[in-house]
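Visitor: The structure file my_file_13.txt (compact mmCIF, C-alpha atoms) is provided below.
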# COMPACT_ATOMS: atom_id res chain seq x y z
CA MET A 632 -11.16 -16.69 29.48
CA SER A 633 -12.87 -14.54 32.11
CA ASN A 634 -10.63 -13.17 34.87
CA ALA A 635 -7.52 -14.31 33.00
CA THR A 636 -4.82 -12.12 31.42
CA LEU A 637 -2.73 -12.17 28.28
CA LEU A 638 0.71 -10.63 27.90
CA ASN A 639 0.37 -8.01 25.20
CA ARG A 640 3.23 -6.45 23.26
CA GLN A 641 2.76 -3.07 21.60
CA TRP A 642 4.87 -0.69 19.51
CA PHE A 643 4.08 2.89 20.60
CA TYR A 644 4.94 5.70 18.20
CA VAL A 645 6.85 8.22 20.37
CA LYS A 646 9.12 10.37 18.18
CA ARG A 647 8.71 11.91 14.74
CA PRO A 648 11.45 10.84 12.31
CA GLN A 649 13.23 13.44 10.22
CA ASP A 650 14.62 10.92 7.76
CA ARG A 651 14.79 7.16 8.23
CA VAL A 652 12.49 5.32 10.61
CA SER A 653 14.14 3.17 13.27
CA ALA A 654 13.38 1.63 16.64
CA GLU A 655 14.26 4.95 18.31
CA HIS A 656 10.99 6.40 17.03
CA TYR A 657 9.06 3.67 18.81
CA ASP A 658 8.81 2.21 22.29
CA LEU A 659 8.17 -1.53 22.65
CA ARG A 660 6.00 -2.10 25.72
CA GLU A 661 4.56 -5.14 27.42
CA SER A 662 1.42 -5.13 29.57
CA ALA A 663 -1.28 -7.46 30.83
CA LEU A 664 -4.52 -7.54 28.87
CA ASP A 665 -7.63 -8.35 30.90
CA THR A 666 -9.58 -11.00 29.02
CA THR A 667 -12.91 -10.22 30.68
CA LEU A 668 -15.34 -9.40 27.88
CA SER A 669 -18.43 -7.24 27.75
CA THR A 670 -21.23 -7.96 25.30
CA ASN A 671 -19.99 -7.88 21.66
CA GLU A 672 -16.34 -7.55 22.64
CA VAL A 673 -13.77 -9.73 20.90
CA ILE A 674 -10.09 -10.41 21.56
CA VAL A 675 -7.97 -10.79 18.44
CA ARG A 676 -4.46 -12.18 18.20
CA ALA A 677 -2.47 -10.62 15.34
CA ARG A 678 -0.96 -12.97 12.75
CA TYR A 679 -0.05 -10.60 9.89
CA ILE A 680 0.64 -6.91 10.45
CA SER A 681 0.77 -4.47 7.58
CA VAL A 682 3.48 -1.93 6.84
CA ASP A 683 2.58 0.62 4.18
CA PRO A 684 4.08 3.78 2.69
CA TYR A 685 1.15 5.91 3.90
CA MET A 686 2.41 5.45 7.46
CA ARG A 687 5.34 7.74 6.70
CA ILE A 688 2.95 10.38 5.36
CA GLN A 689 1.13 10.36 8.67
CA GLN A 690 4.38 10.63 10.61
CA HIS A 691 5.23 14.03 9.17
CA GLU A 692 4.50 17.17 11.14
CA ARG A 693 2.19 18.96 8.74
CA ASN A 694 -1.36 18.03 7.82
CA THR A 695 -1.55 16.10 4.56
CA TYR A 696 -4.77 14.29 3.73
CA ASP A 697 -5.16 13.76 7.47
CA VAL A 698 -3.84 15.12 10.73
CA PRO A 699 -0.44 13.71 11.75
CA HIS A 700 -0.33 10.39 13.57
CA PRO A 701 -0.47 11.28 17.29
CA LEU A 702 2.57 10.53 19.41
CA GLY A 703 2.19 8.24 22.36
CA ILE A 704 -0.27 5.75 20.91
CA VAL A 705 0.08 2.33 19.26
CA GLN A 706 1.23 2.64 15.64
CA ARG A 707 -1.84 2.35 13.46
CA SER A 708 -2.05 -0.29 10.74
CA GLY A 709 -4.18 -3.00 9.25
CA VAL A 710 -3.98 -6.45 10.81
CA VAL A 711 -5.12 -9.95 9.93
CA GLY A 712 -5.60 -12.02 13.06
CA GLN A 713 -7.50 -14.81 14.73
CA VAL A 714 -10.20 -14.57 17.36
CA VAL A 715 -8.98 -15.72 20.79
CA ALA A 716 -12.21 -15.08 22.71
CA SER A 717 -15.57 -13.66 21.75
CA ALA A 718 -18.69 -12.31 23.42
CA SER A 719 -20.29 -11.71 20.02
CA GLU A 720 -22.60 -14.03 18.13
CA ARG A 721 -20.85 -13.01 14.92
CA PHE A 722 -17.40 -14.38 15.78
CA ARG A 723 -16.07 -17.59 17.22
CA ALA A 724 -12.66 -18.64 18.49
CA ASP A 725 -10.13 -19.21 15.67
CA ASP A 726 -12.12 -17.15 13.11
CA TRP A 727 -9.86 -15.14 10.81
CA VAL A 728 -10.61 -11.42 10.84
CA LEU A 729 -9.41 -8.12 9.42
CA SER A 730 -8.98 -5.25 11.86
CA ALA A 731 -7.26 -1.90 12.27
CA SER A 732 -5.74 -2.80 15.62
CA GLY A 733 -2.22 -1.61 14.77
CA TRP A 734 1.17 -2.82 15.88
CA GLN A 735 0.20 -5.00 18.84
CA LEU A 736 -0.11 -8.73 19.45
CA PHE A 737 -3.57 -8.63 21.04
CA ASP A 738 -6.50 -6.26 20.81
CA LYS A 739 -9.78 -6.17 22.67
CA CYS A 740 -12.27 -4.52 20.34
CA HIS A 741 -15.94 -4.28 19.44
CA ALA A 742 -17.30 -6.77 16.94
CA ASN A 743 -18.28 -3.88 14.64
CA ASP A 744 -14.58 -3.11 14.18
CA LEU A 745 -13.88 -6.52 12.60
CA GLN A 746 -14.47 -8.09 9.21
CA LEU A 747 -14.70 -11.86 8.86
CA ILE A 748 -12.24 -13.42 6.39
CA ASN A 749 -13.02 -16.62 4.51
CA PRO A 750 -9.75 -18.60 4.32
CA GLN A 751 -11.23 -20.81 1.60
CA THR A 752 -11.38 -17.92 -0.87
CA ALA A 753 -7.72 -16.90 -0.80
CA PRO A 754 -4.77 -16.82 1.59
CA VAL A 755 -5.89 -14.75 4.57
CA SER A 756 -2.94 -12.37 4.15
CA THR A 757 -4.48 -11.11 0.89
CA ALA A 758 -7.00 -9.17 2.98
CA LEU A 759 -4.09 -6.75 3.54
CA GLY A 760 -3.01 -6.88 -0.11
CA VAL A 761 -4.74 -7.68 -3.37
CA LEU A 762 -8.15 -8.09 -1.69
CA GLY A 763 -7.59 -5.22 0.71
CA MET A 764 -6.47 -1.62 0.70
CA PRO A 765 -3.71 -1.97 -1.96
CA GLY A 766 -6.07 -3.85 -4.29
CA ARG A 767 -8.76 -1.22 -3.81
CA THR A 768 -6.28 1.54 -4.53
CA ALA A 769 -5.02 -0.15 -7.69
CA TRP A 770 -8.43 -1.08 -9.06
CA PHE A 771 -10.29 2.18 -8.57
CA GLY A 772 -7.23 4.34 -9.15
CA LEU A 773 -6.76 2.84 -12.59
CA MET A 774 -10.35 2.11 -13.62
CA ASP A 775 -12.01 5.28 -12.26
CA ALA A 776 -9.25 7.88 -12.52
CA GLY A 777 -7.09 6.35 -15.29
CA ARG A 778 -10.05 5.32 -17.47
CA PRO A 779 -8.06 2.75 -19.51
CA ARG A 780 -9.02 1.99 -23.10
CA PRO A 781 -7.77 -0.86 -25.28
CA GLY A 782 -4.60 0.25 -27.04
CA ASP A 783 -3.64 2.85 -24.43
CA THR A 784 -0.05 2.97 -23.25
CA LEU A 785 0.04 2.76 -19.46
CA VAL A 786 3.23 3.58 -17.56
CA VAL A 787 3.37 2.53 -13.90
CA SER A 788 6.04 3.69 -11.48
CA GLY A 789 6.76 1.49 -8.49
CA ALA A 790 5.51 -1.33 -10.70
CA ALA A 791 6.89 -4.16 -8.54
CA GLY A 792 5.20 -2.89 -5.37
CA ALA A 793 1.94 -3.83 -3.70
CA VAL A 794 -0.18 -1.34 -5.67
CA GLY A 795 1.90 -0.94 -8.82
CA SER A 796 2.12 -4.66 -9.62
CA LEU A 797 -1.69 -4.88 -9.50
CA VAL A 798 -2.22 -1.72 -11.57
CA ALA A 799 0.08 -3.15 -14.23
CA GLN A 800 -1.88 -6.41 -14.39
CA PHE A 801 -5.27 -4.69 -14.33
CA GLY A 802 -4.04 -2.52 -17.17
CA LYS A 803 -3.06 -5.54 -19.23
CA ARG A 804 -6.48 -7.07 -18.67
CA ALA A 805 -8.05 -3.80 -19.83
CA GLY A 806 -6.16 -4.05 -23.13
CA CYS A 807 -3.39 -1.56 -22.41
CA ARG A 808 0.22 -1.74 -23.44
CA VAL A 809 2.00 -1.56 -20.08
CA ILE A 810 5.49 -0.30 -19.27
CA GLY A 811 6.65 -0.75 -15.68
CA ILE A 812 9.29 1.29 -13.85
CA ALA A 813 11.13 -0.34 -10.95
CA GLY A 814 14.48 -0.29 -9.16
CA GLY A 815 17.00 -2.94 -10.16
CA ALA A 816 17.47 -5.56 -12.87
CA ALA A 817 15.82 -8.32 -10.80
CA LYS A 818 12.58 -6.40 -10.43
CA CYS A 819 12.54 -5.47 -14.10
CA SER A 820 13.01 -9.14 -14.97
CA TYR A 821 10.04 -9.91 -12.71
CA LEU A 822 7.93 -7.33 -14.55
CA ILE A 823 8.71 -8.86 -17.92
CA ASN A 824 8.87 -12.58 -17.15
CA THR A 825 6.32 -12.95 -14.37
CA LEU A 826 3.84 -10.11 -14.83
CA LYS A 827 4.24 -10.29 -18.63
CA LEU A 828 4.45 -6.53 -19.13
CA ASP A 829 5.36 -5.05 -22.50
CA GLY A 830 8.40 -3.22 -21.20
CA ALA A 831 10.36 -2.43 -18.05
CA VAL A 832 12.72 0.39 -17.13
CA ASP A 833 15.23 0.26 -14.28
CA TYR A 834 15.31 3.84 -13.04
CA ARG A 835 18.43 3.13 -10.99
CA ALA A 836 20.39 2.62 -14.20
CA PHE A 837 20.06 6.32 -15.09
CA THR A 838 21.83 9.25 -13.49
CA SER A 839 19.83 12.01 -15.17
CA THR A 840 16.19 12.76 -15.80
CA GLU A 841 16.94 13.28 -19.49
CA ALA A 842 18.50 9.82 -19.95
CA LEU A 843 15.62 8.16 -18.10
CA ALA A 844 13.08 10.05 -20.21
CA GLU A 845 14.84 8.99 -23.40
CA GLU A 846 14.57 5.30 -22.46
CA LEU A 847 10.95 5.70 -21.41
CA GLN A 848 10.15 7.37 -24.71
CA ARG A 849 11.91 4.58 -26.60
CA GLN A 850 9.89 1.88 -24.86
CA SER A 851 6.54 3.63 -24.61
CA GLY A 852 6.32 5.87 -27.66
CA GLY A 853 4.38 8.28 -25.47
CA VAL A 854 2.10 7.93 -22.46
CA ASP A 855 -1.70 7.81 -22.34
CA ILE A 856 -1.96 6.93 -18.64
CA TYR A 857 0.68 7.48 -16.00
CA PHE A 858 0.02 5.79 -12.66
CA ASP A 859 2.47 7.37 -10.25
CA ASN A 860 3.51 5.75 -6.98
CA VAL A 861 6.93 7.38 -6.75
CA GLY A 862 7.20 11.06 -7.71
CA GLY A 863 10.58 12.76 -7.85
CA MET A 864 12.99 12.17 -10.74
CA VAL A 865 10.87 9.37 -12.21
CA THR A 866 7.84 11.59 -12.57
CA ASP A 867 9.96 14.42 -13.93
CA ALA A 868 11.03 12.02 -16.69
CA VAL A 869 7.53 10.78 -17.51
CA ILE A 870 5.48 13.99 -17.62
CA PRO A 871 7.04 15.43 -20.81
CA LEU A 872 6.10 12.18 -22.59
CA ILE A 873 2.35 12.41 -22.07
CA LYS A 874 0.05 12.39 -25.08
CA ARG A 875 -3.00 14.51 -25.70
CA ARG A 876 -5.83 13.85 -23.22
CA ALA A 877 -3.48 11.82 -21.05
CA ARG A 878 -4.63 10.82 -17.60
CA ILE A 879 -2.17 11.11 -14.73
CA VAL A 880 -3.08 9.31 -11.52
CA ILE A 881 -1.17 10.39 -8.42
CA CYS A 882 -1.38 7.50 -5.99
CA GLY A 883 1.82 8.13 -4.05
CA THR A 884 5.11 9.98 -4.00
CA ILE A 885 7.23 7.56 -1.97
CA SER A 886 10.45 9.28 -3.04
CA GLN A 887 9.34 12.25 -0.91
CA TYR A 888 8.09 10.40 2.17
CA ASP A 889 11.47 9.61 3.68
CA GLY A 890 12.02 13.05 5.17
CA GLY A 891 10.81 15.15 2.25
CA LEU A 892 7.14 15.81 2.92
CA ASP A 893 7.78 18.70 5.29
CA ARG A 894 10.08 20.25 2.65
CA PRO A 895 8.52 19.13 -0.65
CA ASP A 896 10.15 19.60 -4.02
CA LEU A 897 8.69 22.31 -6.22
CA GLY A 898 6.15 21.10 -8.75
CA PRO A 899 5.14 23.85 -11.24
CA ARG A 900 7.75 22.81 -13.82
CA PHE A 901 5.45 20.08 -15.15
CA LEU A 902 2.30 22.21 -15.42
CA GLN A 903 3.12 23.40 -18.95
CA HIS A 904 2.87 19.82 -20.19
CA MET A 905 -0.56 19.51 -18.60
CA LEU A 906 -1.63 22.62 -20.52
CA PHE A 907 -0.11 21.68 -23.88
CA GLN A 908 -1.64 18.20 -23.89
CA ARG A 909 -4.92 19.18 -22.19
CA ALA A 910 -4.22 16.35 -19.78
CA THR A 911 -5.89 15.63 -16.48
CA ILE A 912 -4.22 14.89 -13.19
CA GLN A 913 -6.04 13.36 -10.27
CA GLY A 914 -4.95 12.32 -6.81
CA ILE A 915 -6.56 9.21 -5.36
CA LEU A 916 -6.74 7.79 -1.85
CA ALA A 917 -7.86 4.30 -0.88
CA ARG A 918 -10.31 5.72 1.67
CA ASP A 919 -12.32 7.36 -1.12
CA PHE A 920 -13.37 3.93 -2.37
CA ALA A 921 -13.83 2.04 0.91
CA HIS A 922 -17.60 1.87 0.36
CA ARG A 923 -17.06 0.10 -2.98
CA MET A 924 -15.00 -2.87 -1.75
CA ASP A 925 -17.70 -5.36 -2.73
CA GLU A 926 -17.61 -4.01 -6.27
CA MET A 927 -13.85 -4.52 -6.51
CA ARG A 928 -13.93 -7.96 -4.92
CA ALA A 929 -16.65 -9.17 -7.30
CA THR A 930 -14.21 -8.72 -10.19
CA VAL A 931 -10.82 -9.36 -8.60
CA GLU A 932 -11.58 -12.19 -6.15
CA PRO A 933 -12.19 -14.79 -8.90
CA TRP A 934 -8.89 -13.80 -10.50
CA VAL A 935 -7.14 -14.35 -7.18
CA LYS A 936 -8.90 -17.65 -6.51
CA ASN A 937 -8.05 -18.96 -9.98
CA ARG A 938 -4.50 -17.57 -9.90
CA ASP A 939 -5.22 -15.49 -12.98
CA ILE A 940 -3.19 -12.62 -11.52
CA VAL A 941 0.05 -12.56 -9.55
CA PHE A 942 -0.16 -11.27 -5.97
CA GLU A 943 3.37 -11.37 -4.65
CA GLU A 944 3.91 -11.10 -0.88
CA THR A 945 7.13 -10.43 1.04
CA PHE A 946 7.09 -11.65 4.64
CA VAL A 947 9.28 -10.49 7.50
CA ASP A 948 9.11 -12.73 10.57
CA GLY A 949 9.03 -11.34 14.09
CA PHE A 950 7.07 -8.70 15.99
CA GLU A 951 10.37 -6.99 16.90
CA GLN A 952 11.05 -6.34 13.21
CA LEU A 953 8.13 -3.96 12.60
CA PRO A 954 10.03 -0.62 12.62
CA GLN A 955 12.76 -1.98 10.37
CA ALA A 956 10.19 -3.57 8.07
CA LEU A 957 8.58 -0.17 7.54
CA ASN A 958 12.00 1.17 6.58
CA MET A 959 12.43 -1.61 4.00
CA LEU A 960 9.78 0.04 1.83
CA PHE A 961 12.14 2.93 1.16
CA ASP A 962 15.02 0.67 0.19
CA GLY A 963 12.86 -1.21 -2.29
CA LYS A 964 13.55 -4.54 -0.59
CA ASN A 965 10.01 -5.86 -0.99
CA LEU A 966 8.33 -7.49 -3.96
CA GLY A 967 4.59 -6.93 -3.92
CA LYS A 968 2.93 -6.52 -0.52
CA LEU A 969 5.18 -6.31 2.57
CA LEU A 970 3.86 -8.00 5.72
CA VAL A 971 5.24 -8.79 9.14
CA ARG A 972 4.29 -12.27 10.27
CA VAL A 973 3.84 -12.61 14.04
Output the file's structure as C-alpha cells, nothing else.

Guide:
Amino acid sequence: MSNATLLNRQWFYVKRPQDRVSAEHYDLRESALDTTLSTNEVIVRARYISVDPYMRIQQHERNTYDVPHPLGIVQRSGVVGQVVASASERFRADDWVLSASGWQLFDKCHANDLQLINPQTAPVSTALGVLGMPGRTAWFGLMDAGRPRPGDTLVVSGAAGAVGSLVAQFGKRAGCRVIGIAGGAAKCSYLINTLKLDGAVDYRAFTSTEALAEELQRQSGGVDIYFDNVGGMVTDAVIPLIKRRARIVICGTISQYDGGLDRPDLGPRFLQHMLFQRATIQGILARDFAHRMDEMRATVEPWVKNRDIVFEETFVDGFEQLPQALNMLFDGKNLGKLLVRV
C-alpha cells in the first residue's frame, strides 16, 4: 500500500465533562493516513473498540492513580482490530491483534505495540473482556486480594457488569456462596438463572441504605468478601455486614465517576467497622497484574473455550456512537462487557 492513503476517523477528547459525557466533549475528525511503512510498522483497522468506566476516572481534573487524560488527543482505549498492511515479520494482513490505539478507525503503530490474537481460541472480542483487562481485574482482584476460601460468603456489587459477572463466577468456582448486587429485576434474574448465583439484590428497589442493608443481611447472613465495583449507597449498606477478618476489595466506585470524583463523598464513617472486625481493605488496579496475564489465561482460557463460564457482551454498532456508548455504562444499559463494533 505504499504511497496510498486511507481516510481515518478519530474522536479527539477536547473538553472535560462535569457530569454526563456527550459528543460535546469530543471532536470527530477525518484525515488522510499515509500508508507508507517503515521497518516494523503496522497499520491496524479497528473492529471492536472498548469503552470502560476507568475512562471517566481519567477525565477528571485531579490526579487519581494517573495524571488526567490530556485534552486534544485521541481518546485512549483498548482496541481489537485487523492488520491492513505490515512491514513486520511478526504480522500479516488480516491478522487479528490487540492494541491500545484508542478511538480511531486506523492506526499506524510499531509491531511491539501489538499482541496477536488467535481467533480459534475464543471470539476475538474477548481480548477486551474475559481474556483481557476486565478478566485480569476480576481474577487477580478476587484470588489475590479477596483470598476466597470454600464456604466464604462473597458479595459482588455491579455483578452484571464486565468485571463483576466474572468475579461472581470465579467465586462460585472457588467454593464461595455468592450474592450479586445489580440494578433492575432483569439483571437480578440474569444473576440467578444464568450465572447461577446464590442470591441477588436489586439495589434500585430500595430508597434507603438501611433497607438495602437489611435485605443484604437476610440473603448473605454476613459478608466474608466484598468485591466493590460501585461505591456510594451500596457500599454503605454492605460494610456494616462484614464478618471478622473480612476482605474488602475496592475495584471501582462507578457511582462516583459521573461527576463525583472531583468532589468525593466522605468515607470515614465505615472505618469503625474495619476496626471492629479487624478486616482488610485493598484497592486493586488491572495494571498491577499486567505481567501475569499468562497466569490468568492458563486457568481461564479453557473455561472460555469450553463455555464453562458465561462471558456476556453488549455491542453497540457504529463509530459515531462511541461517546454515547461510554455514557451507557452509567445508566447500567450493558450486560457484561460493553463494546462498540466498527

Visitor: Would you list the contacts of Ile873 (chain A) as an NGL selection string, taking every protein, DNA or RNA residue within 12 Å and counting all atoms listed in the file, but skipping same-chain residues closer than 2 positions in sequence?

Guide: :A and (783-786 or 844 or 847-848 or 851-858 or 866-871 or 875-879 or 901-912)

Visitor: Keeping C-alpha atoms for every residue in the selection just given, could you write it to a file as an mmCIF file, keeping the file's coordinate frame?

Guide:
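Saved to again_24.cif:
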data_model
loop_
_atom_site.group_PDB
_atom_site.id
_atom_site.type_symbol
_atom_site.label_atom_id
_atom_site.label_comp_id
_atom_site.auth_asym_id
_atom_site.auth_seq_id
_atom_site.Cartn_x
_atom_site.Cartn_y
_atom_site.Cartn_z
ATOM 1 C CA ASP A 783 -3.640 2.850 -24.430
ATOM 2 C CA THR A 784 -0.050 2.970 -23.250
ATOM 3 C CA LEU A 785 0.040 2.760 -19.460
ATOM 4 C CA VAL A 786 3.230 3.580 -17.560
ATOM 5 C CA ALA A 844 13.080 10.050 -20.210
ATOM 6 C CA LEU A 847 10.950 5.700 -21.410
ATOM 7 C CA GLN A 848 10.150 7.370 -24.710
ATOM 8 C CA SER A 851 6.540 3.630 -24.610
ATOM 9 C CA GLY A 852 6.320 5.870 -27.660
ATOM 10 C CA GLY A 853 4.380 8.280 -25.470
ATOM 11 C CA VAL A 854 2.100 7.930 -22.460
ATOM 12 C CA ASP A 855 -1.700 7.810 -22.340
ATOM 13 C CA ILE A 856 -1.960 6.930 -18.640
ATOM 14 C CA TYR A 857 0.680 7.480 -16.000
ATOM 15 C CA PHE A 858 0.020 5.790 -12.660
ATOM 16 C CA THR A 866 7.840 11.590 -12.570
ATOM 17 C CA ASP A 867 9.960 14.420 -13.930
ATOM 18 C CA ALA A 868 11.030 12.020 -16.690
ATOM 19 C CA VAL A 869 7.530 10.780 -17.510
ATOM 20 C CA ILE A 870 5.480 13.990 -17.620
ATOM 21 C CA PRO A 871 7.040 15.430 -20.810
ATOM 22 C CA ARG A 875 -3.000 14.510 -25.700
ATOM 23 C CA ARG A 876 -5.830 13.850 -23.220
ATOM 24 C CA ALA A 877 -3.480 11.820 -21.050
ATOM 25 C CA ARG A 878 -4.630 10.820 -17.600
ATOM 26 C CA ILE A 879 -2.170 11.110 -14.730
ATOM 27 C CA PHE A 901 5.450 20.080 -15.150
ATOM 28 C CA LEU A 902 2.300 22.210 -15.420
ATOM 29 C CA GLN A 903 3.120 23.400 -18.950
ATOM 30 C CA HIS A 904 2.870 19.820 -20.190
ATOM 31 C CA MET A 905 -0.560 19.510 -18.600
ATOM 32 C CA LEU A 906 -1.630 22.620 -20.520
ATOM 33 C CA PHE A 907 -0.110 21.680 -23.880
ATOM 34 C CA GLN A 908 -1.640 18.200 -23.890
ATOM 35 C CA ARG A 909 -4.920 19.180 -22.190
ATOM 36 C CA ALA A 910 -4.220 16.350 -19.780
ATOM 37 C CA THR A 911 -5.890 15.630 -16.480
ATOM 38 C CA ILE A 912 -4.220 14.890 -13.190
#

Visitor: Within 6 Å of (-6.4, -4.1, 11.5), in the coordinates the file gives, what residues turn up when you count all atoms listed in the file, written out as a CSV table (one decimal) with C-alpha atoms, in the frame of the given file?

Guide:
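Just written: result-v2.csv:
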chain,number,residue,atom,x,y,z
A,708,SER,CA,-2.0,-0.3,10.7
A,709,GLY,CA,-4.2,-3.0,9.2
A,710,VAL,CA,-4.0,-6.4,10.8
A,729,LEU,CA,-9.4,-8.1,9.4
A,730,SER,CA,-9.0,-5.2,11.9
A,731,ALA,CA,-7.3,-1.9,12.3
A,732,SER,CA,-5.7,-2.8,15.6
A,733,GLY,CA,-2.2,-1.6,14.8

Visitor: What's the separation between CA of Thr838 (chain A) and CA of Gly963 (chain A), in Å to one decimal place?

Guide: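 So the two atoms, CA of Thr838 (chain A) and CA of Gly963 (chain A), lie 17.8 Å apart.
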
Visitor: Identify which of the residues A:Pro699, A:Pro684, A:Gly811, A:Pro781 lies closest to Tyr644 (chain A), counting only C-alpha atoms when measuring atom-to-atom distances.

Guide: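 The answer is A:Pro699, which sits nearest to Tyr644 (chain A).
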
Visitor: Between CA of Asn671 (chain A) and CA of Trp727 (chain A), what is the spacing in Å?

Guide: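 So the answer is 16.5 Å.
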
Visitor: Kindly write N, CA and C atoms of region 758-769 of chain A from the structure just given to a file, as a PDB file, in the first residue's frame.

Guide:
ATOM      1  N   ALA A 758     -10.697 -10.565  23.887  1.00  0.00           N
ATOM      2  CA  ALA A 758      -9.412  -9.972  24.252  1.00  0.00           C
ATOM      3  C   ALA A 758      -9.596  -8.627  24.943  1.00  0.00           C
ATOM      4  N   LEU A 759     -10.790  -8.043  24.816  1.00  0.00           N
ATOM      5  CA  LEU A 759     -11.126  -6.809  25.529  1.00  0.00           C
ATOM      6  C   LEU A 759     -12.024  -7.080  26.731  1.00  0.00           C
ATOM      7  N   GLY A 760     -12.329  -8.360  26.975  1.00  0.00           N
ATOM      8  CA  GLY A 760     -13.240  -8.718  28.048  1.00  0.00           C
ATOM      9  C   GLY A 760     -12.674  -9.777  28.952  1.00  0.00           C
ATOM     10  N   VAL A 761     -13.257 -10.962  28.896  1.00  0.00           N
ATOM     11  CA  VAL A 761     -12.897 -12.025  29.838  1.00  0.00           C
ATOM     12  C   VAL A 761     -11.439 -12.439  29.715  1.00  0.00           C
ATOM     13  N   LEU A 762     -10.848 -12.345  28.531  1.00  0.00           N
ATOM     14  CA  LEU A 762      -9.442 -12.704  28.352  1.00  0.00           C
ATOM     15  C   LEU A 762      -8.556 -11.466  28.229  1.00  0.00           C
ATOM     16  N   GLY A 763      -9.094 -10.340  28.676  1.00  0.00           N
ATOM     17  CA  GLY A 763      -8.349  -9.090  28.628  1.00  0.00           C
ATOM     18  C   GLY A 763      -8.337  -8.391  29.969  1.00  0.00           C
ATOM     19  N   MET A 764      -8.359  -7.078  29.924  1.00  0.00           N
ATOM     20  CA  MET A 764      -8.261  -6.282  31.143  1.00  0.00           C
ATOM     21  C   MET A 764      -9.349  -6.581  32.171  1.00  0.00           C
ATOM     22  N   PRO A 765     -10.641  -6.673  31.789  1.00  0.00           N
ATOM     23  CA  PRO A 765     -11.653  -6.998  32.799  1.00  0.00           C
ATOM     24  C   PRO A 765     -11.439  -8.370  33.437  1.00  0.00           C
ATOM     25  N   GLY A 766     -11.062  -9.361  32.623  1.00  0.00           N
ATOM     26  CA  GLY A 766     -10.798 -10.688  33.171  1.00  0.00           C
ATOM     27  C   GLY A 766      -9.627 -10.681  34.132  1.00  0.00           C
ATOM     28  N   ARG A 767      -8.588  -9.955  33.777  1.00  0.00           N
ATOM     29  CA  ARG A 767      -7.420  -9.835  34.657  1.00  0.00           C
ATOM     30  C   ARG A 767      -7.796  -9.178  35.981  1.00  0.00           C
ATOM     31  N   THR A 768      -8.588  -8.133  35.892  1.00  0.00           N
ATOM     32  CA  THR A 768      -9.025  -7.427  37.095  1.00  0.00           C
ATOM     33  C   THR A 768      -9.831  -8.346  38.004  1.00  0.00           C
ATOM     34  N   ALA A 769     -10.769  -9.076  37.400  1.00  0.00           N
ATOM     35  CA  ALA A 769     -11.634  -9.973  38.178  1.00  0.00           C
ATOM     36  C   ALA A 769     -10.834 -11.097  38.820  1.00  0.00           C
TER      37      ALA A 769
END
